[in-house]
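S.K.: Have a look at the structure that comes next, please.
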Amino acid sequence: MLLSIKDLHVQVDGKPILKGLSLDIGFGEIHAIMGQNGSGKSTLGNVLAGRPGYQVTHGSIVFQGLDLLSLPVESRSLHGLFLGMQYPVEVPGVSNLYFLRAMVNHHRKHQGLPEQDAAAFLKWARQKMALLNMDPEFLKRGLNVGFSGGEKKRNEILQMLLLEPSLVMLDEIDSGLDIDALQWVAKGVNLLRDASRSMILITHYQRLLSYIEPDVVHVLREGRIVESGDKTLAERLEREGYGSVS
Ligand code: ADP
Ligand code: MG
């Protein structure tokens with residue numbers, strides 16, 4: 001198992017949000033997590049990523065044999081966990097190029113690799129951007145500053161392509177995307193799909209899953225997984241709504 005979550009209970013400001021969530025993700029698997037607004041999907045992502053403000057009151061998370069909850073946020077990323085955010089933040093004053101290169105070099109250092117110099121990085125980043133149909137001009141802009149919803153999401157996927165993480169979690173990567181942007185995002189995700197890398201796709205819509213085929217689909221309700229199945233579960237939810245889940 002790459003990731004094993006057992007009986008996870010999480011509170012925010014004393015309010016229970018996740019109430020006994022268990023999830024196992026094997027190597028090379030893509031899992032989709034669906035569920036109504038407020039069911040706890042982003043909370044799960046935030047807990048995995050180590051965002052402050054989420055109190056784990058019970059349960060465990062083992063990632064690559066490590067006790068994830070005891071790892072500081074930064075080292076979770078260095079160990080290969082990546083969260084593509086539902087709402088990427090704008091950081092004025094920090095250029096996208098500077099941010100991406102610092103991120104990549106930090107990871108390379110941790111892996112004992114030499115830093116990439118500016119010219120080599122630029123060339124490599126441009127190749128990855130071409131795969132996503134992103135204009136290289138986006139490197140010069142402030143990180144996410146004034147990016148449209150679709151451009152922000154594509155920039156998240158660019159980070160993922162540059163880091164090649166072992167566990168990718170994408171929180172509503174499809175929300176606010178037009179069909180073209182969705183196809184480019186899906187292409188980026190599918191490019192990284194391989195036998196050693198696993199992904200968690202948080203989504204409301206079956207549409208994303210017609211471009212990125214999941215191995216397993218889970219339905220989250222009131223902080224726990226109430227049904228799991230193959231991709232036909234997502235198709236059923238699209239037809240019948242969450243009311244069809246008992
Ligand atoms: P989803 O992503 O499935 O829509 P979330 O995980 O964002 O759901 O939220 C689950 C519940 O937790 C919601 O009722 C939400 O209001 C609450 N919640 C999440 N984060 C916070 C927070 N920082 N403060 C207070 N309540 C929160
Ligand atoms: Mg959410």
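Chain labels run A, B, ... following the order of the structure tokens; each chain numbers its residues from 1, and ligands are numbered from 1 in the order shown.
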Please find the residues contacting ligand 1 at a distance of at most 7 Å between atoms, with only C-alpha atoms and all ligand atoms counted, and report them as an MDAnalysis selection string.
M.R.: chainID A and resid 12:13 17 35:44 53
S.K.: Could you give me the residues within range 204-235 of chain A that DSSP places in alpha helix (DSSP H), as a PyMOL selection string?
M.R.: chain A and resi 206-211+231-235
S.K.: Taking only C-alpha atoms and all ligand atoms into account, which of A:Leu237, A:Met85, A:Leu78, A:Leu21 comes nearest ligand 2?
M.R.: A:Met85
S.K.: CA of Met129 in chain A and CA of Lys152 in chain A are how many Å apart?
M.R.: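 Pair CA of Met129 in chain A / CA of Lys152 in chain A returns 12.9 Å.
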S.K.: Run DSSP on the backbone and tell me which residues of range 111-229 of chain A come out as strand (DSSP E or B); list them as number ranges by chain.
M.R.: A: 142-143, 167-171, 198-202, 216-221, 224-229
S.K.: Those same residues, written as a short mmCIF file (atom, residue, chain, number, x, y, z; two decimals), in the first residue's frame with C-alpha atoms?
M.R.:
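Output file out12.cif follows:
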```
data_model
loop_
_atom_site.label_atom_id
_atom_site.label_comp_id
_atom_site.auth_asym_id
_atom_site.auth_seq_id
_atom_site.Cartn_x
_atom_site.Cartn_y
_atom_site.Cartn_z
CA GLY A 142 3.33 36.78 -10.21
CA LEU A 143 2.39 33.33 -8.89
CA LEU A 167 0.95 10.51 -4.47
CA VAL A 168 -1.06 13.20 -6.21
CA MET A 169 -4.22 14.59 -4.75
CA LEU A 170 -6.23 16.95 -6.90
CA ASP A 171 -9.07 18.81 -5.21
CA SER A 198 -1.10 6.91 -7.24
CA MET A 199 -3.72 9.61 -7.40
CA ILE A 200 -6.75 10.81 -5.51
CA LEU A 201 -9.15 12.86 -7.59
CA ILE A 202 -11.70 14.83 -5.61
CA VAL A 216 -11.99 2.97 -7.71
CA VAL A 217 -14.73 5.50 -6.95
CA HIS A 218 -15.73 6.35 -3.37
CA VAL A 219 -18.66 8.34 -2.09
CA LEU A 220 -18.04 10.47 0.98
CA ARG A 221 -20.96 11.46 3.13
CA ARG A 224 -17.05 8.77 6.02
CA ILE A 225 -16.96 6.63 2.92
CA VAL A 226 -20.43 5.18 2.45
CA GLU A 227 -19.98 3.39 -0.86
CA SER A 228 -17.10 2.30 -3.11
CA GLY A 229 -17.19 0.83 -6.57
#
```
S.K.: Compile the contact shell of range 158-164 of chain A as a VMD selection string: residues with an atom at most 8 Å away, counting only C-alpha atoms, same-chain residues fewer than 2 positions apart removed.
M.R.: chain A and resid 80 82 84 100 104 107 125 128 to 129 132 154 to 156 166 168 188 192
S.K.: Could you write out the selected residues, including all heavy atoms, as a CSV table (one decimal), in the first residue's frame?
M.R.:
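Generated output (result-v5.csv):
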```csv
chain,number,residue,atom,x,y,z
A,80,GLY,N,7.1,13.1,-1.4
A,80,GLY,CA,6.4,12.7,-2.6
A,80,GLY,C,4.9,12.9,-2.6
A,80,GLY,O,4.2,12.4,-3.4
A,82,PHE,N,1.7,15.3,-3.1
A,82,PHE,CA,1.4,16.6,-3.8
A,82,PHE,C,-0.1,16.9,-3.7
A,82,PHE,O,-0.9,16.0,-4.1
A,82,PHE,CB,1.9,16.5,-5.2
A,82,PHE,CG,1.5,17.8,-6.0
A,82,PHE,CD1,2.3,18.9,-6.0
A,82,PHE,CD2,0.3,17.8,-6.8
A,82,PHE,CE1,2.0,20.0,-6.7
A,82,PHE,CE2,0.0,18.9,-7.5
A,82,PHE,CZ,0.8,20.0,-7.5
A,84,GLY,N,-2.9,19.3,-5.3
A,84,GLY,CA,-3.3,20.4,-6.2
A,84,GLY,C,-4.5,21.0,-5.6
A,84,GLY,O,-5.5,20.4,-5.3
A,100,LEU,N,8.6,28.2,-9.0
A,100,LEU,CA,8.7,26.9,-9.5
A,100,LEU,C,10.1,26.3,-9.4
A,100,LEU,O,10.3,25.2,-9.0
A,100,LEU,CB,8.2,26.8,-11.0
A,100,LEU,CG,6.7,27.1,-11.2
A,100,LEU,CD1,6.4,27.2,-12.7
A,100,LEU,CD2,5.8,26.0,-10.6
A,104,VAL,N,11.4,23.2,-7.2
A,104,VAL,CA,12.1,22.0,-7.8
A,104,VAL,C,13.5,21.8,-7.2
A,104,VAL,O,13.9,20.7,-6.9
A,104,VAL,CB,12.2,22.2,-9.4
A,104,VAL,CG1,13.2,21.2,-10.0
A,104,VAL,CG2,10.8,22.0,-10.0
A,107,HIS,N,13.4,20.2,-3.8
A,107,HIS,CA,13.2,18.8,-3.9
A,107,HIS,C,14.5,18.1,-4.4
A,107,HIS,O,14.8,17.0,-3.9
A,107,HIS,CB,12.0,18.5,-4.8
A,107,HIS,CG,10.7,18.6,-4.1
A,107,HIS,ND1,9.9,17.6,-3.8
A,107,HIS,CD2,10.1,19.7,-3.7
A,107,HIS,CE1,8.8,18.0,-3.2
A,107,HIS,NE2,8.9,19.3,-3.1
A,125,ALA,N,11.0,23.7,-18.0
A,125,ALA,CA,9.7,24.2,-17.6
A,125,ALA,C,8.9,24.5,-18.9
A,125,ALA,O,7.7,24.2,-19.0
A,125,ALA,CB,9.7,25.4,-16.7
A,128,LYS,N,7.4,21.3,-20.4
A,128,LYS,CA,6.3,20.9,-19.6
A,128,LYS,C,5.1,21.7,-19.9
A,128,LYS,O,3.9,21.2,-20.0
A,128,LYS,CB,6.5,20.9,-18.1
A,128,LYS,CG,7.7,20.0,-17.7
A,128,LYS,CD,7.4,18.5,-17.8
A,128,LYS,CE,8.5,17.6,-17.4
A,128,LYS,NZ,8.4,16.2,-17.8
A,129,MET,N,5.3,23.0,-20.1
A,129,MET,CA,4.2,23.9,-20.3
A,129,MET,C,3.6,23.7,-21.7
A,129,MET,O,2.4,23.7,-21.9
A,129,MET,CB,4.6,25.4,-20.3
A,129,MET,CG,5.0,25.8,-18.8
A,129,MET,SD,5.7,27.4,-18.7
A,129,MET,CE,4.2,28.4,-18.3
A,132,LEU,N,1.0,21.2,-21.8
A,132,LEU,CA,-0.3,21.6,-21.2
A,132,LEU,C,-0.9,22.8,-22.0
A,132,LEU,O,-1.9,23.4,-21.6
A,132,LEU,CB,-0.1,22.1,-19.7
A,132,LEU,CG,0.4,21.0,-18.8
A,132,LEU,CD1,0.7,21.7,-17.4
A,132,LEU,CD2,-0.7,20.0,-18.6
A,154,ARG,N,-4.2,24.9,-14.3
A,154,ARG,CA,-3.1,24.4,-15.2
A,154,ARG,C,-1.8,24.6,-14.5
A,154,ARG,O,-0.9,23.8,-14.7
A,154,ARG,CB,-3.2,25.1,-16.5
A,154,ARG,CG,-3.6,24.1,-17.6
A,154,ARG,CD,-3.5,24.7,-19.0
A,154,ARG,NE,-4.8,25.3,-19.3
A,154,ARG,CZ,-5.1,25.7,-20.6
A,154,ARG,NH1,-4.3,25.5,-21.5
A,154,ARG,NH2,-6.3,26.2,-20.8
A,155,ASN,N,-1.6,25.7,-13.8
A,155,ASN,CA,-0.4,25.9,-13.1
A,155,ASN,C,-0.1,24.9,-12.0
A,155,ASN,O,1.0,24.5,-11.7
A,155,ASN,CB,-0.4,27.3,-12.6
A,155,ASN,CG,1.0,27.9,-12.4
A,155,ASN,OD1,1.8,27.8,-13.4
A,155,ASN,ND2,1.4,28.5,-11.3
A,156,GLU,N,-1.2,24.4,-11.4
A,156,GLU,CA,-1.1,23.4,-10.4
A,156,GLU,C,-0.6,22.1,-11.1
A,156,GLU,O,0.3,21.4,-10.5
A,156,GLU,CB,-2.4,23.1,-9.7
A,156,GLU,CG,-3.0,24.2,-8.9
A,156,GLU,CD,-2.2,24.5,-7.6
A,156,GLU,OE1,-2.2,23.6,-6.7
A,156,GLU,OE2,-1.6,25.5,-7.5
A,166,SER,N,4.8,11.0,-5.8
A,166,SER,CA,4.4,9.6,-5.8
A,166,SER,C,2.9,9.5,-5.5
A,166,SER,O,2.2,8.5,-5.8
A,166,SER,CB,5.2,8.7,-4.9
A,166,SER,OG,5.3,9.3,-3.6
A,168,VAL,N,-0.5,11.9,-5.8
A,168,VAL,CA,-1.1,13.2,-6.2
A,168,VAL,C,-2.5,13.3,-5.7
A,168,VAL,O,-3.3,12.3,-5.9
A,168,VAL,CB,-1.1,13.2,-7.8
A,168,VAL,CG1,-1.8,14.4,-8.3
A,168,VAL,CG2,0.4,13.2,-8.3
A,188,GLY,N,-2.3,16.2,-18.8
A,188,GLY,CA,-1.2,16.3,-17.8
A,188,GLY,C,-1.3,15.2,-16.8
A,188,GLY,O,-0.2,14.6,-16.5
A,192,LEU,N,1.3,11.5,-16.3
A,192,LEU,CA,2.1,11.0,-15.1
A,192,LEU,C,1.6,9.7,-14.6
A,192,LEU,O,2.1,9.1,-13.6
A,192,LEU,CB,1.9,12.1,-14.0
A,192,LEU,CG,2.9,13.2,-13.9
A,192,LEU,CD1,2.8,13.8,-12.5
A,192,LEU,CD2,4.3,12.7,-14.2
```
S.K.: Considering only C-alpha atoms, state which residue in the set A:Asn144, A:Thr203, A:Ser70, A:Gln11 is at the smallest distance from Pro88 in chain A.
M.R.: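 Answer, going by the shortest atom-to-atom distance: A:Asn144.
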S.K.: Which residues come within 12 Å of Phe121 in chain A, counting only C-alpha atoms, excluding same-chain residues fewer than 6 positions away, as a list in words?
M.R.: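 Selected residues are Leu97, Tyr98, Phe99, Leu100, Arg101, Ala102, Met103, Val104, Asn105, Glu115, Gln127, Lys128, Leu139 and Leu162 of chain A.
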S.K.: Just the number, please: distance in Å from CA of Ala130 in chain A to CA of Glu29 in chain A, one decimal.
M.R.: 26.3 Å
S.K.: Here is a test: counting only C-alpha atoms and all ligand atoms, which residue of A:Ser175, A:Ser196, A:Ser244, A:Ser4 is nearest to ligand 2?
M.R.: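 For ligand 2, the nearest of the candidates is A:Ser175.
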S.K.: Take CA of Glu90 in chain A and CA of His110 in chain A and report the distance between them in Å, one decimal.
M.R.: 26.3 Å
S.K.: Which is closest to ligand 2 among A:Asn46, A:Ser22, A:His9, A:Gly28, if we use only C-alpha atoms and all ligand atoms?
M.R.: A:Asn46
S.K.: Here is a test: counting only C-alpha atoms and all ligand atoms, which residue of A:Arg239, A:Gln111, A:Asp215, A:Ile33 is nearest to ligand 2?
M.R.: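 Comparing A:Arg239, A:Gln111, A:Asp215, A:Ile33 against ligand 2, the winner is A:Ile33.
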S.K.: Go through A:Val62, A:Val10, A:Val94, A:Ile173 one by one, measure the shortest atom-to-atom distance of each to ligand 2 using only C-alpha atoms and all ligand atoms, and give the residue with the smallest value.
M.R.: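 Ranking A:Val62, A:Val10, A:Val94, A:Ile173 by distance to ligand 2, first place goes to A:Ile173.
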